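Visitor: Sharing upload03.txt, compact mmCIF, C-alpha atoms (C1' of nucleotides):
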```txt
# COMPACT_ATOMS: atom_id res chain seq x y z
CA MET J 1 -23.47 18.93 16.67
CA HIS J 2 -19.96 19.48 15.43
CA GLU J 3 -18.53 19.61 18.92
CA GLY J 4 -15.37 17.96 20.13
CA PRO J 5 -13.44 15.38 18.21
CA TRP J 6 -16.28 12.91 17.87
CA LEU J 7 -18.35 12.31 14.80
CA ASP J 8 -22.10 12.42 14.82
CA ASP J 9 -24.14 9.63 13.26
CA ASP J 10 -24.34 11.07 9.77
CA GLU J 11 -20.67 11.78 9.76
CA GLN J 12 -19.89 8.36 11.11
CA ARG J 13 -21.89 6.73 8.37
CA ALA J 14 -20.27 8.85 5.68
CA TRP J 15 -16.84 8.17 7.11
CA ARG J 16 -17.22 4.42 7.26
CA ARG J 17 -18.35 4.27 3.69
CA THR J 18 -15.55 6.55 2.62
CA ALA J 19 -13.06 4.36 4.41
CA ALA J 20 -14.45 1.27 2.72
CA VAL J 21 -14.21 2.93 -0.68
CA MET J 22 -10.66 4.02 0.06
CA THR J 23 -9.78 0.40 0.76
CA LEU J 24 -11.68 -1.37 -1.98
CA LEU J 25 -11.44 1.02 -4.90
CA PRO J 26 -7.64 1.19 -5.15
CA ALA J 27 -7.48 -2.56 -4.68
CA ALA J 28 -9.96 -3.13 -7.50
CA LEU J 29 -8.16 -0.77 -9.86
CA ASP J 30 -4.81 -2.25 -9.02
CA ALA J 31 -6.19 -5.70 -9.65
CA GLN J 32 -7.36 -4.81 -13.14
CA LEU J 33 -4.07 -3.14 -14.07
CA GLN J 34 -2.01 -5.93 -12.61
CA ARG J 35 -4.00 -8.58 -14.38
CA ASP J 36 -4.16 -6.90 -17.78
CA ALA J 37 -0.90 -4.97 -17.89
CA GLY J 38 1.35 -6.03 -15.03
CA LEU J 39 1.33 -2.48 -13.72
CA THR J 40 0.51 -0.82 -10.45
CA GLN J 41 -1.94 2.05 -10.45
CA PHE J 42 0.95 4.19 -9.39
CA SER J 43 3.34 3.05 -12.09
CA TYR J 44 0.61 3.37 -14.69
CA LEU J 45 -0.10 6.90 -13.53
CA THR J 46 3.57 7.71 -13.76
CA LEU J 47 3.72 6.57 -17.36
CA ALA J 48 0.44 8.28 -18.19
CA MET J 49 1.53 11.63 -16.81
CA LEU J 50 4.73 11.48 -18.80
CA SER J 51 2.75 10.63 -21.91
CA GLU J 52 0.71 13.81 -21.60
CA THR J 53 3.71 16.05 -21.61
CA PRO J 54 4.69 17.54 -24.99
CA ASP J 55 8.13 15.94 -25.17
CA ARG J 56 7.35 13.05 -22.85
CA THR J 57 9.85 14.24 -20.27
CA LEU J 58 9.60 15.71 -16.81
CA PRO J 59 12.06 16.41 -14.03
CA MET J 60 11.71 13.88 -11.26
CA SER J 61 10.40 16.38 -8.77
CA ALA J 62 7.79 17.77 -11.16
CA LEU J 63 6.68 14.25 -11.92
CA ALA J 64 6.51 13.48 -8.22
CA ALA J 65 4.22 16.46 -7.70
CA THR J 66 1.89 15.44 -10.50
CA VAL J 67 1.50 11.91 -9.20
CA ASN J 68 1.25 13.04 -5.58
CA SER J 69 4.21 11.10 -4.34
CA SER J 70 7.44 11.53 -2.49
CA LEU J 71 10.60 11.75 -4.51
CA SER J 72 11.82 8.60 -2.87
CA ARG J 73 8.86 6.55 -3.92
CA LEU J 74 9.06 7.87 -7.44
CA SER J 75 12.77 7.17 -7.64
CA HIS J 76 12.25 3.51 -6.78
CA VAL J 77 9.38 3.15 -9.21
CA VAL J 78 11.15 4.89 -12.07
CA ALA J 79 14.11 2.61 -11.49
CA ARG J 80 11.81 -0.36 -12.11
CA LEU J 81 10.18 1.29 -15.11
CA GLU J 82 13.62 1.98 -16.48
CA GLN J 83 14.53 -1.68 -16.18
CA GLN J 84 11.42 -2.56 -18.17
CA GLY J 85 12.55 -0.17 -20.88
CA TRP J 86 9.58 2.17 -20.57
CA VAL J 87 11.42 5.16 -19.15
CA THR J 88 14.94 6.52 -19.20
CA ARG J 89 16.65 8.99 -16.90
CA GLU J 90 19.14 11.62 -17.98
CA PRO J 91 20.77 14.52 -16.17
CA SER J 92 19.18 17.81 -17.14
CA PRO J 93 21.33 20.10 -19.27
CA GLU J 94 19.82 23.07 -17.49
CA SER J 95 20.68 22.28 -13.92
CA GLY J 96 23.21 19.84 -12.62
CA ARG J 97 20.95 18.59 -9.90
CA VAL J 98 17.84 17.70 -11.79
CA THR J 99 17.23 14.42 -13.51
CA VAL J 100 14.63 14.23 -16.21
CA ALA J 101 12.59 11.13 -16.79
CA ARG J 102 11.70 10.40 -20.39
CA LEU J 103 9.00 8.06 -21.64
CA THR J 104 10.42 5.79 -24.34
CA ASP J 105 8.54 4.72 -27.45
CA ALA J 106 7.94 1.37 -25.83
CA GLY J 107 6.60 3.19 -22.76
CA LEU J 108 4.21 5.23 -24.87
CA GLU J 109 3.03 2.10 -26.58
CA LYS J 110 2.47 0.50 -23.19
CA VAL J 111 0.35 3.42 -22.02
CA ARG J 112 -1.70 3.39 -25.19
CA GLU J 113 -2.49 -0.26 -24.94
CA THR J 114 -3.24 -0.07 -21.23
CA ALA J 115 -5.34 3.09 -21.12
CA PRO J 116 -8.65 1.87 -22.55
CA GLY J 117 -9.00 -1.05 -20.18
CA HIS J 118 -8.16 1.11 -17.23
CA ALA J 119 -10.55 3.87 -18.23
CA ALA J 120 -13.28 1.29 -18.72
CA GLU J 121 -12.73 -0.01 -15.21
CA VAL J 122 -12.87 3.48 -13.76
CA ARG J 123 -16.09 4.05 -15.60
CA ARG J 124 -17.53 0.76 -14.50
CA LEU J 125 -16.67 1.18 -10.83
CA ILE J 126 -17.39 4.85 -10.44
CA PHE J 127 -19.29 6.58 -13.17
CA ASP J 128 -21.74 3.87 -14.06
CA ALA J 129 -22.96 4.21 -10.48
CA LEU J 130 -23.47 7.98 -10.69
CA ASP J 131 -25.82 10.25 -12.54
CA ASP J 132 -24.78 13.78 -13.53
CA ASP J 133 -25.57 15.16 -10.11
CA GLY J 134 -23.55 12.40 -8.57
CA VAL J 135 -20.56 13.29 -10.71
CA SER J 136 -20.71 16.91 -9.73
CA SER J 137 -21.20 15.99 -6.07
CA LEU J 138 -18.10 13.88 -6.28
CA ALA J 139 -16.13 16.67 -7.93
CA CYS J 140 -17.29 19.10 -5.24
CA VAL J 141 -16.65 16.95 -2.26
CA THR J 142 -13.24 15.80 -3.40
CA ALA J 143 -12.27 19.37 -4.20
CA ALA J 144 -13.18 20.40 -0.68
CA ILE J 145 -11.25 17.57 0.90
CA LEU J 146 -8.25 18.16 -1.33
CA GLY J 147 -8.20 21.70 -0.08
CA ARG J 148 -7.66 20.34 3.41
CA LEU J 149 -5.14 17.73 2.43
CA ASP J 150 -2.99 20.06 0.47
CA PRO J 151 -3.83 23.63 1.37
CA ALA J 152 -0.89 24.95 -0.61
CA GLY J 153 -2.23 23.24 -3.69
CA GLY J 154 1.28 22.32 -4.73
CA MET J 155 0.34 18.76 -5.25
CA ARG J 156 -2.95 18.68 -6.87
CA ALA J 157 -4.33 16.38 -9.43
CA ASN J 158 -3.70 17.42 -12.94
CA PRO J 159 -1.18 20.18 -13.27
CA LEU J 160 -0.78 19.57 -16.97
CA SER J 161 -2.70 21.04 -19.81
CA ARG J 162 -6.29 20.12 -19.76
CA GLU J 163 -7.97 22.01 -22.55
CA ALA J 164 -6.52 20.38 -25.61
CA PRO J 165 -6.53 16.64 -25.64
CA PRO J 166 -3.34 15.74 -27.50
CA GLU J 167 -3.93 13.55 -30.49
CA PRO J 168 -7.30 12.14 -31.34
CA ASP J 169 -5.90 8.74 -30.69
CA ALA J 170 -4.27 9.63 -27.41
CA ARG J 171 -6.96 11.04 -25.23
CA PRO J 172 -5.79 11.86 -21.73
CA ALA J 173 -4.97 8.49 -20.51
CA THR J 174 -5.53 8.53 -16.88
CA GLY J 175 -8.97 8.48 -17.27
CA MET X 1 -22.06 11.33 -23.45
CA HIS X 2 -21.34 8.16 -21.58
CA GLU X 3 -20.18 6.30 -24.64
CA GLY X 4 -17.20 4.02 -24.94
CA PRO X 5 -14.54 3.56 -22.34
CA TRP X 6 -13.40 7.17 -22.29
CA LEU X 7 -14.32 9.71 -19.69
CA ASP X 8 -15.80 13.06 -20.58
CA ASP X 9 -14.33 16.25 -19.13
CA ASP X 10 -16.51 16.38 -16.04
CA GLU X 11 -15.82 12.77 -15.28
CA GLN X 12 -12.15 13.23 -15.90
CA ARG X 13 -12.00 16.10 -13.46
CA ALA X 14 -13.93 14.21 -10.84
CA TRP X 15 -11.76 11.16 -11.32
CA ARG X 16 -8.46 12.99 -11.02
CA ARG X 17 -9.54 14.61 -7.81
CA THR X 18 -10.83 11.33 -6.49
CA ALA X 19 -7.55 9.67 -7.33
CA ALA X 20 -5.65 12.42 -5.54
CA VAL X 21 -7.83 12.05 -2.47
CA MET X 22 -7.39 8.29 -2.53
CA THR X 23 -3.64 8.83 -2.46
CA LEU X 24 -3.33 11.65 0.01
CA LEU X 25 -6.07 10.94 2.52
CA PRO X 26 -4.95 7.48 3.62
CA ALA X 27 -1.38 8.74 3.76
CA ALA X 28 -2.40 11.63 6.01
CA LEU X 29 -4.44 9.45 8.33
CA ASP X 30 -1.71 6.85 8.53
CA ALA X 31 0.78 9.56 9.34
CA GLN X 32 -1.26 10.79 12.30
CA LEU X 33 -1.81 7.29 13.66
CA GLN X 34 1.79 6.32 13.18
CA ARG X 35 3.07 9.43 14.86
CA ASP X 36 0.68 9.43 17.81
CA ALA X 37 0.07 5.73 18.38
CA GLY X 38 2.50 3.68 16.32
CA LEU X 39 -0.40 2.12 14.47
CA THR X 40 -1.44 1.71 10.89
CA GLN X 41 -4.89 2.79 9.87
CA PHE X 42 -5.56 -0.85 9.20
CA SER X 43 -4.32 -2.15 12.51
CA TYR X 44 -6.21 0.59 14.33
CA LEU X 45 -9.38 -0.35 12.50
CA THR X 46 -8.86 -3.96 13.44
CA LEU X 47 -8.61 -3.10 17.11
CA ALA X 48 -11.53 -0.69 16.88
CA MET X 49 -13.86 -3.21 15.25
CA LEU X 50 -13.06 -5.75 17.94
CA SER X 51 -13.73 -3.15 20.59
CA GLU X 52 -17.25 -2.61 19.29
CA THR X 53 -18.23 -6.21 19.67
CA PRO X 54 -20.02 -7.19 22.89
CA ASP X 55 -17.40 -9.61 24.11
CA ARG X 56 -14.53 -8.11 22.19
CA THR X 57 -14.09 -11.23 20.09
CA LEU X 58 -14.67 -12.14 16.45
CA PRO X 59 -13.75 -15.07 14.25
CA MET X 60 -10.92 -14.17 11.94
CA SER X 61 -13.05 -14.36 8.82
CA ALA X 62 -15.80 -12.19 10.28
CA LEU X 63 -13.20 -9.68 11.33
CA ALA X 64 -11.68 -9.78 7.86
CA ALA X 65 -15.06 -8.97 6.37
CA THR X 66 -15.65 -6.03 8.67
CA VAL X 67 -12.28 -4.47 7.90
CA ASN X 68 -12.55 -5.25 4.18
CA SER X 69 -9.42 -7.31 4.01
CA SER X 70 -8.18 -10.68 2.93
CA LEU X 71 -7.75 -13.33 5.55
CA SER X 72 -4.07 -13.44 4.79
CA ARG X 73 -3.52 -9.78 5.44
CA LEU X 74 -5.51 -9.96 8.62
CA SER X 75 -3.60 -12.98 9.79
CA HIS X 76 -0.27 -11.19 9.46
CA VAL X 77 -1.55 -8.08 11.16
CA VAL X 78 -3.18 -9.93 14.02
CA ALA X 79 0.09 -11.78 14.53
CA ARG X 80 1.78 -8.43 15.08
CA LEU X 81 -1.00 -7.16 17.32
CA GLU X 82 -0.71 -10.33 19.31
CA GLN X 83 2.98 -9.73 19.82
CA GLN X 84 2.17 -6.28 21.14
CA GLY X 85 -0.22 -7.83 23.62
CA TRP X 86 -3.32 -6.15 22.24
CA VAL X 87 -5.02 -9.21 20.84
CA THR X 88 -5.02 -12.94 21.49
CA ARG X 89 -6.10 -15.82 19.29
CA GLU X 90 -7.84 -18.95 20.48
CA PRO X 91 -9.44 -21.85 18.65
CA SER X 92 -13.20 -21.59 18.69
CA PRO X 93 -15.01 -24.09 20.86
CA GLU X 94 -17.80 -24.20 18.33
CA SER X 95 -15.92 -25.15 15.22
CA GLY X 96 -12.50 -26.66 14.94
CA ARG X 97 -11.51 -24.57 11.99
CA VAL X 98 -12.29 -21.13 13.23
CA THR X 99 -9.99 -19.02 15.34
CA VAL X 100 -11.41 -16.18 17.30
CA ALA X 101 -9.46 -13.02 17.88
CA ARG X 102 -9.97 -11.37 21.25
CA LEU X 103 -9.13 -7.80 22.20
CA THR X 104 -7.20 -7.76 25.46
CA ASP X 105 -7.64 -5.15 28.19
CA ALA X 106 -4.42 -3.53 27.04
CA GLY X 107 -5.84 -3.52 23.53
CA LEU X 108 -9.02 -1.85 24.64
CA GLU X 109 -7.02 0.73 26.51
CA LYS X 110 -4.97 1.33 23.39
CA VAL X 111 -8.09 1.91 21.30
CA ARG X 112 -9.52 4.27 23.88
CA GLU X 113 -6.44 6.39 24.03
CA THR X 114 -6.00 6.42 20.25
CA ALA X 115 -9.57 7.05 19.16
CA PRO X 116 -9.97 10.74 19.98
CA GLY X 117 -6.89 11.86 18.10
CA HIS X 118 -7.86 9.79 15.10
CA ALA X 119 -11.44 11.03 15.09
CA ALA X 120 -10.17 14.59 15.35
CA GLU X 121 -7.98 14.08 12.30
CA VAL X 122 -10.86 12.59 10.33
CA ARG X 123 -12.95 15.59 11.29
CA ARG X 124 -10.22 18.01 10.40
CA LEU X 125 -9.45 16.53 7.00
CA ILE X 126 -12.95 15.67 5.89
CA PHE X 127 -15.82 17.12 7.82
CA ASP X 128 -14.44 20.53 8.54
CA ALA X 129 -14.37 20.96 4.78
CA LEU X 130 -18.01 19.97 4.30
CA ASP X 131 -21.36 21.45 5.20
CA ASP X 132 -24.38 19.25 5.88
CA ASP X 133 -25.15 18.89 2.21
CA GLY X 134 -21.57 17.93 1.60
CA VAL X 135 -21.80 15.20 4.21
CA SER X 136 -24.91 13.74 2.67
CA SER X 137 -23.43 13.99 -0.82
CA LEU X 138 -20.44 12.07 0.41
CA ALA X 139 -22.62 9.43 2.00
CA CYS X 140 -24.64 9.07 -1.19
CA VAL X 141 -21.78 8.92 -3.60
CA THR X 142 -19.77 6.47 -1.54
CA ALA X 143 -22.83 4.27 -1.10
CA ALA X 144 -23.31 4.17 -4.85
CA ILE X 145 -19.69 3.31 -5.51
CA LEU X 146 -19.65 0.70 -2.79
CA GLY X 147 -22.57 -0.92 -4.51
CA ARG X 148 -20.34 -1.40 -7.53
CA LEU X 149 -17.28 -2.50 -5.63
CA ASP X 150 -19.08 -5.08 -3.62
CA PRO X 151 -22.43 -5.82 -5.20
CA ALA X 152 -23.02 -8.71 -2.88
CA GLY X 153 -22.64 -6.37 0.04
CA GLY X 154 -20.76 -9.02 1.94
CA MET X 155 -18.02 -6.68 2.78
CA ARG X 156 -19.52 -3.39 3.54
CA ALA X 157 -18.41 -0.79 5.94
CA ASN X 158 -19.79 -1.31 9.31
CA PRO X 159 -21.62 -4.53 9.67
CA LEU X 160 -21.66 -4.01 13.38
CA SER X 161 -23.60 -1.61 15.28
CA ARG X 162 -24.74 1.83 14.67
CA GLU X 163 -27.54 2.64 12.41
CA ALA X 164 -29.84 -0.24 12.49
CA PRO X 165 -32.02 -0.87 9.48
CA PRO X 166 -30.59 -2.52 6.41
CA GLU X 167 -30.63 0.48 4.19
CA PRO X 168 -32.43 0.43 0.90
CA ASP X 169 -30.02 3.15 0.02
CA ALA X 170 -28.08 2.05 -3.02
CA ARG X 171 -29.72 4.03 -5.76
CA PRO X 172 -27.70 6.27 -8.06
CA ALA X 173 -26.41 9.03 -5.92
CA THR X 174 -28.20 12.22 -6.22
CA GLY X 175 -27.29 15.13 -4.26
C1' DT I 1 -18.41 -44.96 5.36
C1' DG I 2 -15.26 -43.20 2.21
C1' DA I 3 -13.92 -39.89 -1.45
C1' DC I 4 -13.87 -35.33 -2.64
C1' DA I 5 -14.83 -30.56 -2.44
C1' DT I 6 -14.83 -26.50 0.22
C1' DA I 7 -13.90 -23.44 4.13
C1' DA I 8 -10.85 -21.27 7.67
C1' DG I 9 -6.42 -20.04 8.66
C1' DT I 10 -1.40 -19.84 8.49
C1' DT I 11 3.03 -19.23 6.38
C1' DG I 12 7.04 -17.75 3.40
C1' DA I 13 8.61 -15.33 -0.36
C1' DA I 14 8.45 -11.44 -3.28
C1' DG I 15 7.14 -6.84 -4.34
C1' DC I 16 6.17 -2.25 -3.12
C1' DA I 17 6.20 1.83 0.19
C1' DT I 18 8.27 4.47 3.76
C1' DC I 19 11.85 6.23 6.41
C1' DA I 20 16.39 7.75 7.53
C1' DA I 21 20.58 8.72 5.77
C1' DG I 22 23.66 10.09 2.25
C1' DT I 23 25.54 12.59 -2.06
C1' DA I 24 26.02 16.22 -5.04
C1' DA I 25 24.82 20.61 -6.95
C1' DT I 26 23.19 25.20 -6.17
C1' DG I 27 21.70 29.24 -3.91
C1' DT I 28 22.71 32.86 -0.01
C1' DG I 29 24.70 35.73 3.74
C1' DG I 30 28.70 37.59 5.58
C1' DC U 1 34.45 33.78 -2.09
C1' DC U 2 33.74 30.85 1.41
C1' DA U 3 30.91 28.61 4.82
C1' DC U 4 26.20 27.05 5.30
C1' DA U 5 21.71 26.01 4.17
C1' DT U 6 18.77 24.13 0.68
C1' DT U 7 17.32 21.54 -3.25
C1' DA U 8 17.14 17.40 -6.04
C1' DC U 9 17.71 13.04 -6.01
C1' DT U 10 19.36 8.13 -4.68
C1' DT U 11 20.02 4.24 -1.76
C1' DG U 12 19.44 0.59 1.77
C1' DA U 13 16.93 -1.16 5.47
C1' DT U 14 12.65 -2.15 7.37
C1' DG U 15 7.91 -3.15 7.37
C1' DC U 16 3.45 -4.01 5.30
C1' DT U 17 0.72 -6.30 1.53
C1' DT U 18 -0.06 -9.73 -1.72
C1' DC U 19 0.25 -14.13 -3.74
C1' DA U 20 0.68 -18.87 -3.94
C1' DA U 21 1.17 -22.78 -1.44
C1' DC U 22 -0.05 -25.56 2.45
C1' DT U 23 -2.59 -27.56 6.63
C1' DT U 24 -6.48 -28.88 8.94
C1' DA U 25 -11.34 -29.22 9.62
C1' DT U 26 -15.92 -29.56 7.98
C1' DG U 27 -19.67 -30.38 4.72
C1' DT U 28 -21.63 -33.46 0.83
C1' DC U 29 -23.17 -37.17 -1.51
C1' DA U 30 -22.87 -41.74 -3.35
```
Now, as a test, write the supplied structure out as C-alpha cells.
Guide:
Amino acid sequence: MHEGPWLDDDEQRAWRRTAAVMTLLPAALDAQLQRDAGLTQFSYLTLAMLSETPDRTLPMSALAATVNSSLSRLSHVVARLEQQGWVTREPSPESGRVTVARLTDAGLEKVRETAPGHAAEVRRLIFDALDDDGVSSLACVTAAILGRLDPAGGMRANPLSREAPPEPDARPATG
Amino acid sequence: MHEGPWLDDDEQRAWRRTAAVMTLLPAALDAQLQRDAGLTQFSYLTLAMLSETPDRTLPMSALAATVNSSLSRLSHVVARLEQQGWVTREPSPESGRVTVARLTDAGLEKVRETAPGHAAEVRRLIFDALDDDGVSSLACVTAAILGRLDPAGGMRANPLSREAPPEPDARPATG
DNA sequence: TGACATAAGTTGAAGCATCAAGTAATGTGG
DNA sequence: CCACATTACTTGATGCTTCAACTTATGTCA
C-alpha cells in the first residue's frame, strides 16, 4: 500500500467521511450563528479573537494570521463589522503602514451574547459524539494535518494566550 | 467535565485545530484543483460522483444527496458544467418532475485527467501525515461526527460503491 | 374527480470569498 | 540618499453560495 497517487480502501473511506464533515460541519455552524446572531463563523471568529486580546486591538495582519485568512478577506469583513459598529480601524501610531482593528464595547457585548450558543453547538455537533479518546484522537490527527497545511506554523490556531482565561465571565469565546 | 455549554481545555484545543483544518484544507484542495483543472472541489466532486455511476447519470436530487449539497447549489453548478460541455440534463422518462444529469464523454475525460493530481494532493496533505492508526482514528472520529451532523444518514459520504455493507459503525469514536 | 399538499427543479438577487491590481509606507543595497 | 524591493493594507470585479420565490408535476384523500 501507499504507492502512487491513489488511495487504498481505508484511506478512501476516511477521506470521504472527512470531506463530508468538511462540507456539513461549517454549514451547520454557520447556520446556527446566522440564525441566532446574524454572523458568519468567520466574522464571529474575528470578533472573538479580538475579544481575547488584552486591549481588544490587533493589527490587521496579526488578526488575519489568527483567523487563518488572507488580508483581503479580512479587510472586507472588517469593513462590514465596522459598519455594524462592532469594530473600528485606526492607523497605528507605531508604524505608518499598519492599521489596528479595535473591538468596540458593542462588539464585545455581541461576542458575549453570541458565545454560549455557539459553544453549545460545537459541543453538540462534535464533543457529544466523542469520548475522551475520541477528543485526543481528534487533537492528534488535526495537529498532524495542520503540520502539512502550514509547515511554517505561521498561521496556526490559537496564537493568543491560552493559560489564563480572562475574566470568569468571559471564558475564551471561540469555543 | 462536560458540563454546561463551555469547552474544557482539551476540547478547546481540539476544536481550534479542527477549525483551522476546516479553513485551510478546503482552501488548499480548491487551490490545487483550480490551478490544475479550473475546477472547484465541489464541481470536481459532482463530476466524479457521476463518473462512478454505471450509466453516468443520476437524478439531480440523488446527485445532490451524494455530494451533500442543496438542490439549488447543485442546479447552479450543473448549469455551469453543462456550459462547459461536461454534463447534460434531460427530463427523466420515468417521472415528469425529475431531471437526470448525465456525464458526457468529455466530462469523463476531464475527471480521468483530473483525478490523479487531486488524489495526490489529498494524500500529500492528509495521509502522508498519518500512520495506520491515524487513518483509523480519522475514520472513527469523522464517522461519529457525521452521525451528529446527519443523524438520518440520508446524506452521507459515499452512497455509491465501494465498501459494501451498511456499517454499524457509528458508536462513539475510540481510537 | 377535484382540492390541496408535497416533491423536484429552476431562477434571480444578495452576500461573501477570491483574485488581480493598486496605494502608501518602510526597509535595503549601492 | 536614492532607486528598488517589500510590507501592509484596500479596492473593484468576478464568481460561487445561499435564500426566497416560483413553476411544474405528482401523490393523497374526501
Visitor: What's around X:Ser69 at 12 Å? Count all atoms listed in the file, leave out sequence neighbours fewer than 6 positions away in its own chain, and write the answer as a list in words.
Guide: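 With the cut-off at 12 Å, the set is Ala20, Thr23, Leu24 and Ala27 of chain J; Phe42, Ser43, Leu45, Thr46, Met60, Ser61, Ala62, Leu63, Ser75, His76, Val77, Gly154, Met155, Arg156 and Ala157 of chain X; DT17 and DT18 of chain U.
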Visitor: What are the residues of chain I that have an atom within 9 Å of an atom of chain J, counting only C-alpha atoms (C1' of nucleotides), as a list in words?
Guide: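 Taken together, these residues fit the definition: DC16, DA17, DT18, DA24, DA25 and DT26 of chain I.
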Visitor: In terms of the shortest atom-to-atom distance over only C-alpha atoms (C1' of nucleotides), which of U:DC2, U:DA8, U:DC19, U:DA30 is closest to chain J?
Guide: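 Using only C-alpha atoms (C1' of nucleotides), chain J sits closest to U:DA8.
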Visitor: Please indicate the distance in Å from atom CA of X:Leu29 to atom CA of X:Leu50, rounded to one decimal place.
Guide: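 Value for the atom CA of X:Leu29-atom CA of X:Leu50 distance: 19.9 Å.
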Visitor: Give as a list of chain:residue names the set of residues within 10 Å of the point (12.9, -0.2, 10.3), where distances use the file's coordinates and only C-alpha atoms (C1' of nucleotides).
Guide: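 So the residues meeting the distance criterion are I:DT18, I:DC19, I:DA20, U:DA13, U:DT14, U:DG15.
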Visitor: Find the residues near U:DC22: any atom within 12 Å, counting only C-alpha atoms (C1' of nucleotides), skip ones fewer than 6 places away on the same chain, and give them as JSON, numbers by chain.
Guide: {"I": [9, 10, 11, 12]}
Visitor: Find the distance between atom CA of J:Thr57 and atom CA of J:Thr99 and write it in Å to one decimal.
Guide: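 So the answer is 10.0 Å.
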Visitor: Compute the chain X side of the contact with chain J at 7 Å, counting all atoms listed in the file, and hand it back as a VMD selection string.
Guide: chain X and resid 5 to 7 11 to 14 16 to 18 20 to 22 24 to 25 68 116 119 to 120 123 125 to 126 129 to 130 134 to 135 137 to 139 141 to 146 148 to 149 156 to 158 172 to 175
Visitor: Those residues with C-alpha atoms, as a compact mmCIF listing (two decimals), in the frame of the given file please?
Guide:
```txt
# COMPACT_ATOMS: atom_id res chain seq x y z
CA PRO X 5 -14.54 3.56 -22.34
CA TRP X 6 -13.40 7.17 -22.29
CA LEU X 7 -14.32 9.71 -19.69
CA GLU X 11 -15.82 12.77 -15.28
CA GLN X 12 -12.15 13.23 -15.90
CA ARG X 13 -12.00 16.10 -13.46
CA ALA X 14 -13.93 14.21 -10.84
CA ARG X 16 -8.46 12.99 -11.02
CA ARG X 17 -9.54 14.61 -7.81
CA THR X 18 -10.83 11.33 -6.49
CA ALA X 20 -5.65 12.42 -5.54
CA VAL X 21 -7.83 12.05 -2.47
CA MET X 22 -7.39 8.29 -2.53
CA LEU X 24 -3.33 11.65 0.01
CA LEU X 25 -6.07 10.94 2.52
CA ASN X 68 -12.55 -5.25 4.18
CA PRO X 116 -9.97 10.74 19.98
CA ALA X 119 -11.44 11.03 15.09
CA ALA X 120 -10.17 14.59 15.35
CA ARG X 123 -12.95 15.59 11.29
CA LEU X 125 -9.45 16.53 7.00
CA ILE X 126 -12.95 15.67 5.89
CA ALA X 129 -14.37 20.96 4.78
CA LEU X 130 -18.01 19.97 4.30
CA GLY X 134 -21.57 17.93 1.60
CA VAL X 135 -21.80 15.20 4.21
CA SER X 137 -23.43 13.99 -0.82
CA LEU X 138 -20.44 12.07 0.41
CA ALA X 139 -22.62 9.43 2.00
CA VAL X 141 -21.78 8.92 -3.60
CA THR X 142 -19.77 6.47 -1.54
CA ALA X 143 -22.83 4.27 -1.10
CA ALA X 144 -23.31 4.17 -4.85
CA ILE X 145 -19.69 3.31 -5.51
CA LEU X 146 -19.65 0.70 -2.79
CA ARG X 148 -20.34 -1.40 -7.53
CA LEU X 149 -17.28 -2.50 -5.63
CA ARG X 156 -19.52 -3.39 3.54
CA ALA X 157 -18.41 -0.79 5.94
CA ASN X 158 -19.79 -1.31 9.31
CA PRO X 172 -27.70 6.27 -8.06
CA ALA X 173 -26.41 9.03 -5.92
CA THR X 174 -28.20 12.22 -6.22
CA GLY X 175 -27.29 15.13 -4.26
```
Visitor: Do a neighbour search on I:DA21 at 12 Å with all atoms listed in the file, toss out local chain neighbours closer than 4 positions, and write the hits as a ChimeraX atom specification.
Guide: /U:10-13
Visitor: Take the residues from that selection and put them in a file with C-alpha atoms (C1' of nucleotides), as an mmCIF file, keeping the file's coordinate frame.
Guide:
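out.cif, written as the output of this step:
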```cif
data_model
loop_
_atom_site.group_PDB
_atom_site.id
_atom_site.type_symbol
_atom_site.label_atom_id
_atom_site.label_comp_id
_atom_site.auth_asym_id
_atom_site.auth_seq_id
_atom_site.Cartn_x
_atom_site.Cartn_y
_atom_site.Cartn_z
ATOM 1 C "C1'" DT U 10 19.360 8.130 -4.680
ATOM 2 C "C1'" DT U 11 20.020 4.240 -1.760
ATOM 3 C "C1'" DG U 12 19.440 0.590 1.770
ATOM 4 C "C1'" DA U 13 16.930 -1.160 5.470
#
```
Visitor: Would you compute the distance between atom CA of J:Leu58 and atom CA of J:Leu103? Give it in Å to one decimal.
Guide: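 Atom CA of J:Leu103 lies 9.1 Å from atom CA of J:Leu58.
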Visitor: Quick one: of U:DT26, U:DC1, U:DA21, U:DT6, who's nearest to chain X, counting all atoms listed in the file?
Guide: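 Of U:DT26, U:DC1, U:DA21, U:DT6, the one nearest chain X, counting all atoms listed in the file, is U:DT26.
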Visitor: Could you check the closest approach to U:DT7 for each of I:DA3, I:DA8, I:DA13, I:DG27 and tell me which residue wins, using only C-alpha atoms (C1' of nucleotides)?
Guide: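 The answer is I:DG27, which sits nearest to U:DT7.
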Visitor: Excluding I:DT6 and residues on its chain fewer than 4 positions from it, collect all residues at most 12 Å away from it, counting all atoms listed in the file, and give them as a short mmCIF file (atom, residue, chain, number, x, y, z; two decimals) with C-alpha atoms (C1' of nucleotides), in the coordinates of the input.
Guide:
```cif
data_model
loop_
_atom_site.label_atom_id
_atom_site.label_comp_id
_atom_site.auth_asym_id
_atom_site.auth_seq_id
_atom_site.Cartn_x
_atom_site.Cartn_y
_atom_site.Cartn_z
"C1'" DA U 25 -11.34 -29.22 9.62
"C1'" DT U 26 -15.92 -29.56 7.98
"C1'" DG U 27 -19.67 -30.38 4.72
"C1'" DT U 28 -21.63 -33.46 0.83
#
```
